[in-house]
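Text of the file coords21.txt, holding compact mmCIF, C-alpha atoms:
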```txt
# COMPACT_ATOMS: atom_id res chain seq x y z
CA SER W 766 -13.47 6.46 -39.59
CA SER W 767 -14.50 3.53 -41.72
CA ARG W 768 -17.52 1.33 -41.12
CA LYS W 769 -16.81 -1.46 -38.64
CA GLN W 770 -17.90 -4.95 -39.65
CA VAL W 771 -19.64 -7.33 -37.25
CA VAL W 772 -20.40 -10.97 -38.07
CA MET W 773 -23.21 -12.74 -36.27
CA PHE W 774 -23.02 -16.52 -35.96
CA GLY W 775 -25.07 -19.13 -34.13
CA LEU W 776 -26.94 -22.34 -34.80
CA GLU W 777 -30.24 -22.29 -36.70
CA ASP W 778 -33.15 -20.57 -34.95
CA ALA W 779 -30.94 -18.93 -32.33
CA GLY W 780 -32.49 -15.49 -32.94
CA LYS W 781 -29.85 -13.87 -35.18
CA THR W 782 -32.18 -12.54 -37.88
CA THR W 783 -34.69 -11.47 -35.25
CA LEU W 784 -31.97 -9.45 -33.49
CA LEU W 785 -30.75 -7.88 -36.74
CA TYR W 786 -34.16 -6.66 -37.85
CA ARG W 787 -35.21 -5.53 -34.37
CA LEU W 788 -32.12 -3.31 -34.37
CA LYS W 789 -32.56 -2.10 -37.94
CA LEU W 790 -36.32 -1.63 -38.09
CA ASP W 791 -37.40 -1.61 -34.43
CA TRP W 792 -40.05 -4.02 -35.66
CA LYS W 793 -42.51 -4.54 -32.81
CA ASP W 794 -44.09 -7.79 -34.07
CA ILE W 795 -40.84 -9.34 -35.26
CA LYS W 796 -41.56 -12.83 -33.87
CA PHE W 797 -44.70 -13.16 -36.00
CA ALA W 798 -42.85 -11.98 -39.11
CA MET W 799 -39.92 -14.35 -38.51
CA LYS W 800 -42.26 -17.33 -37.99
CA ASN W 801 -43.92 -16.61 -41.32
CA LEU W 802 -40.68 -16.17 -43.23
CA LYS W 803 -40.41 -19.37 -45.23
CA LYS W 804 -36.93 -20.86 -45.25
CA GLU W 805 -37.03 -21.30 -49.03
CA ASP W 806 -37.84 -17.57 -49.41
CA ASP W 807 -34.86 -16.56 -47.28
CA ALA W 808 -31.73 -15.63 -49.23
CA GLY W 809 -29.54 -17.05 -46.45
CA TYR W 810 -27.31 -14.38 -45.03
CA HIS W 811 -28.46 -10.84 -44.32
CA TYR W 812 -26.50 -7.60 -44.07
CA GLU W 813 -27.65 -4.31 -42.58
CA GLU W 814 -25.82 -1.07 -41.89
CA LEU W 815 -26.46 0.78 -38.64
CA SER W 816 -25.10 3.82 -36.87
CA THR W 817 -25.28 3.99 -33.09
CA ALA W 818 -23.12 5.65 -30.44
CA PRO W 819 -20.58 4.73 -29.20
CA LEU W 820 -19.59 2.44 -32.09
CA GLY W 821 -20.53 4.81 -34.92
CA ASP W 822 -21.12 3.31 -38.36
CA TYR W 823 -21.14 -0.47 -38.51
CA GLY W 824 -22.52 -3.31 -40.58
CA ILE W 825 -23.86 -6.59 -39.24
CA TRP W 826 -23.60 -9.79 -41.28
CA ASP W 827 -26.22 -12.33 -40.15
CA ILE W 828 -24.81 -15.70 -41.24
CA PRO W 829 -27.00 -18.84 -41.30
CA GLY W 830 -26.23 -21.58 -38.80
CA SER W 831 -27.47 -24.53 -40.83
CA ASP W 832 -25.32 -27.65 -41.13
CA GLU W 833 -24.60 -26.68 -44.75
CA MET W 834 -23.53 -23.11 -43.93
CA VAL W 835 -21.37 -23.58 -40.82
CA PRO W 836 -18.40 -24.89 -42.88
CA MET W 837 -18.70 -21.77 -45.05
CA TRP W 838 -18.47 -19.31 -42.14
CA PRO W 839 -14.76 -18.60 -42.75
CA MET W 840 -15.66 -17.07 -46.13
CA PHE W 841 -17.32 -14.23 -44.22
CA TYR W 842 -14.33 -13.32 -42.07
CA ARG W 843 -11.35 -14.17 -44.22
CA TYR W 844 -12.13 -11.49 -46.79
CA ILE W 845 -13.36 -8.60 -44.64
CA THR W 846 -11.78 -7.09 -41.54
CA VAL W 847 -14.06 -8.07 -38.67
CA SER W 848 -14.31 -5.79 -35.64
CA ALA W 849 -16.60 -8.09 -33.65
CA VAL W 850 -18.23 -11.49 -33.58
CA LEU W 851 -21.68 -11.90 -32.07
CA PHE W 852 -22.48 -15.53 -31.31
CA VAL W 853 -26.15 -16.07 -30.52
CA VAL W 854 -27.40 -19.06 -28.51
CA HIS W 855 -31.11 -19.58 -27.91
CA GLY W 856 -31.18 -20.07 -24.15
CA SER W 857 -34.77 -21.29 -24.03
CA GLN W 858 -34.53 -23.86 -26.81
CA ILE W 859 -31.00 -25.23 -27.03
CA LYS W 860 -30.62 -28.91 -26.18
CA PRO W 861 -27.78 -29.86 -23.82
CA GLU W 862 -26.12 -32.06 -26.46
CA LYS W 863 -25.97 -29.06 -28.84
CA LEU W 864 -24.08 -27.03 -26.22
CA THR W 865 -21.05 -29.26 -26.79
CA ASP W 866 -21.11 -28.35 -30.50
CA VAL W 867 -21.55 -24.66 -29.64
CA GLY W 868 -18.60 -24.79 -27.24
CA ARG W 869 -16.39 -26.32 -29.92
CA VAL W 870 -17.43 -23.73 -32.51
CA VAL W 871 -16.93 -20.81 -30.10
CA GLY W 872 -13.46 -22.13 -29.22
CA ARG W 873 -12.55 -22.49 -32.88
CA LEU W 874 -13.76 -18.97 -33.72
CA LEU W 875 -11.88 -17.44 -30.78
CA ASN W 876 -8.66 -18.98 -32.12
CA GLU W 877 -9.05 -18.12 -35.82
CA ASP W 878 -6.15 -15.93 -36.96
CA GLU W 879 -8.47 -13.51 -38.76
CA LEU W 880 -10.57 -13.00 -35.62
CA ARG W 881 -7.82 -12.76 -32.98
CA THR W 882 -8.30 -9.02 -32.48
CA ALA W 883 -12.10 -9.00 -32.88
CA ALA W 884 -14.35 -8.44 -29.88
CA PHE W 885 -16.37 -11.59 -29.19
CA VAL W 886 -19.83 -11.36 -27.61
CA LEU W 887 -21.80 -14.44 -26.66
CA ILE W 888 -25.49 -13.49 -26.68
CA ILE W 889 -27.79 -15.81 -24.76
CA ASN W 890 -31.20 -15.14 -26.27
CA TYR W 891 -34.29 -15.88 -24.19
CA ASP W 892 -38.02 -15.72 -24.95
CA ALA W 893 -39.62 -14.46 -21.77
CA ASP W 894 -39.50 -10.97 -20.32
CA GLU W 895 -37.51 -12.35 -17.42
CA PRO W 896 -34.54 -14.56 -18.30
CA PRO W 897 -34.60 -18.06 -16.80
CA LEU W 898 -31.52 -17.41 -14.64
CA GLU W 899 -30.90 -21.09 -13.91
CA ASN W 900 -30.96 -21.89 -17.63
CA ILE W 901 -28.59 -19.01 -18.43
CA LYS W 902 -26.22 -20.15 -15.67
CA ASN W 903 -26.30 -23.73 -17.04
CA ILE W 904 -25.46 -22.46 -20.52
CA GLU W 905 -22.64 -20.26 -19.18
CA ASP W 906 -21.27 -23.21 -17.16
CA SER W 907 -21.51 -25.60 -20.14
CA LEU W 908 -19.72 -23.14 -22.40
CA LYS W 909 -17.16 -22.30 -19.68
CA VAL W 910 -17.90 -18.58 -19.99
CA LYS W 911 -15.93 -17.71 -16.84
CA VAL W 912 -12.81 -19.46 -18.20
CA LEU W 913 -13.24 -17.81 -21.62
CA LYS W 914 -13.51 -14.35 -20.03
CA GLU W 915 -10.28 -14.98 -18.10
CA ARG W 916 -8.42 -16.39 -21.10
CA TYR W 917 -9.73 -13.90 -23.68
CA PRO W 918 -10.14 -10.30 -22.46
CA ARG W 919 -11.93 -9.59 -25.76
CA PHE W 920 -14.71 -12.08 -24.83
CA THR W 921 -17.89 -11.29 -22.92
CA SER W 922 -21.39 -12.66 -22.62
CA VAL W 923 -24.78 -11.01 -22.26
CA SER W 924 -28.33 -12.30 -22.07
CA MET W 925 -31.18 -10.54 -23.83
CA ASN W 926 -34.50 -11.14 -25.49
CA CYS W 927 -33.52 -10.67 -29.15
CA ALA W 928 -37.17 -10.11 -30.08
CA ASP W 929 -37.42 -7.20 -27.65
CA VAL W 930 -34.06 -5.44 -27.99
CA SER W 931 -33.60 -2.07 -29.69
CA GLU W 932 -30.69 0.18 -30.59
CA THR W 933 -31.30 2.15 -27.39
CA SER W 934 -31.80 -0.76 -24.96
CA ALA W 935 -29.32 -1.15 -22.10
CA GLN W 936 -28.20 -4.64 -23.17
CA TRP W 937 -27.41 -3.50 -26.72
CA LYS W 938 -25.58 -0.39 -25.47
CA GLN W 939 -23.51 -2.72 -23.25
CA VAL W 940 -22.57 -4.78 -26.33
CA LEU W 941 -21.62 -1.67 -28.34
CA VAL W 942 -19.50 -0.20 -25.51
CA PHE W 943 -17.65 -3.53 -25.19
CA ILE W 944 -17.02 -3.71 -28.95
CA GLU W 945 -15.83 -0.09 -29.11
CA HIS W 946 -13.45 -0.71 -26.17
CA GLN W 947 -12.00 -3.79 -27.90
CA VAL W 948 -11.69 -2.00 -31.26
CA SER W 949 -9.78 0.84 -29.52
CA ARG W 950 -7.49 -1.69 -27.77
CA ALA W 951 -6.79 -3.51 -31.03
CA LEU W 952 -5.70 -0.25 -32.71
CA LYS W 953 -3.07 0.47 -30.02
```
Taking this structure as input, can you express it in the form of structure tokens?
Amino acid sequence: SSRKQVVMFGLEDAGKTTLLYRLKLDWKDIKFAMKNLKKEDDAGYHYEELSTAPLGDYGIWDIPGSDEMVPMWPMFYRYITVSAVLFVVHGSQIKPEKLTDVGRVVGRLLNEDELRTAAFVLIINYDADEPPLENIKNIEDSLKVKVLKERYPRFTSVSMNCADVSETSAQWKQVLVFIEHQVSRALK
């Protein structure tokens, strides 16, 4: 089968690039490396190819969430067939007023024609070893995760420490199983 394409969106500093390179390189000190990556040295978007059961071969597009890049997001899904959208929110750092913007963007992406069959995974990224459950619940409530799950069977949410995830971690396996299930449903 052909390589599945996954796009990863989220506002700036949500943890997208950290997640991508933790998965690709299993880079133990990723937070230090990301802090020292100068914005002007960063090409913008990143793409890596991975191969992990149960999804098989897939590529992840890490798309910047800067104010300048958000309007350009459609360019990344209008010209490739997208199997899944990962939307990363930094649960420890996001300001309540930004959650309104995130909610609007998530709603828009869920209703884009080109993404209507794509699995959609909201990833709530947290810093600590133990997720701040109250903070995660507040984010889920603000973004109406329960309503989105009812309205869109292809939508789910997970919380994970993007700086500590790996291709074999339980949270990432959960994401891959969900995507594979949605890809199989879309083909029927």
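You can rank W:Tyr786, W:Trp826, W:Phe943, W:Tyr891 by their closest distance to W:Trp838 using all atoms listed in the file, and at the top of that list sits W:Trp826.
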Can you pull out the residues contacting stretch 845-861 of chain W? Cut-off 9 Å, using only C-alpha atoms, and skip same-chain residues under 3 positions away; I want them as a PyMOL selection string.
chain W and resi 769-776+778-781+840-842+864-865+867+871+874+879-880+882-893+896-897+900-901+904+907+924+944-945+947-948
W:Asp866 proximity check over W:Asp822, W:Asp832, W:Asp929, W:Glu915, using only C-alpha atoms: winner is W:Asp832
Is it possible to get the axis-aligned box enclosing stretch 947-950 of chain W (all listed atoms, 5 Å extra per side) as AutoDock Vina command-line options, with centre and edge lengths in Å rounded to one decimal?
```
--center_x -9.7 --center_y -1.5 --center_z -29.5 --size_x 14.5 --size_y 14.6 --size_z 13.5
```
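Of note, atom CA of W:Asp906 and atom CA of W:Arg787 are spaced 28.3 Å apart.
Using all atoms listed in the file, the shortest contact distance between W:Val870 and any of W:Gly809, W:Leu815, W:Lys902, W:Leu908 is found at W:Leu908.
Proximity to W:Phe920 was assessed for W:Asn876, W:Ser831, W:Thr783, W:Ser816 counting only C-alpha atoms; the smallest distance is recorded for W:Asn876.
Considering only C-alpha atoms, the residue among W:Arg881, W:Lys909, W:Lys914, W:Lys938 positioned nearest to W:Gly868 is W:Lys909.
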Atom CA of W:Leu788 sits from atom CA of W:Gly821 at a separation of 14.2 Å
note - atom CA of W:Ile825 and atom CA of W:Thr933 are separated by 16.5 Å
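Nearest to W:Pro918 of all the residues W:Glu905, W:Gly830, W:Ser931, W:His946 is W:His946, based on all atoms listed in the file.
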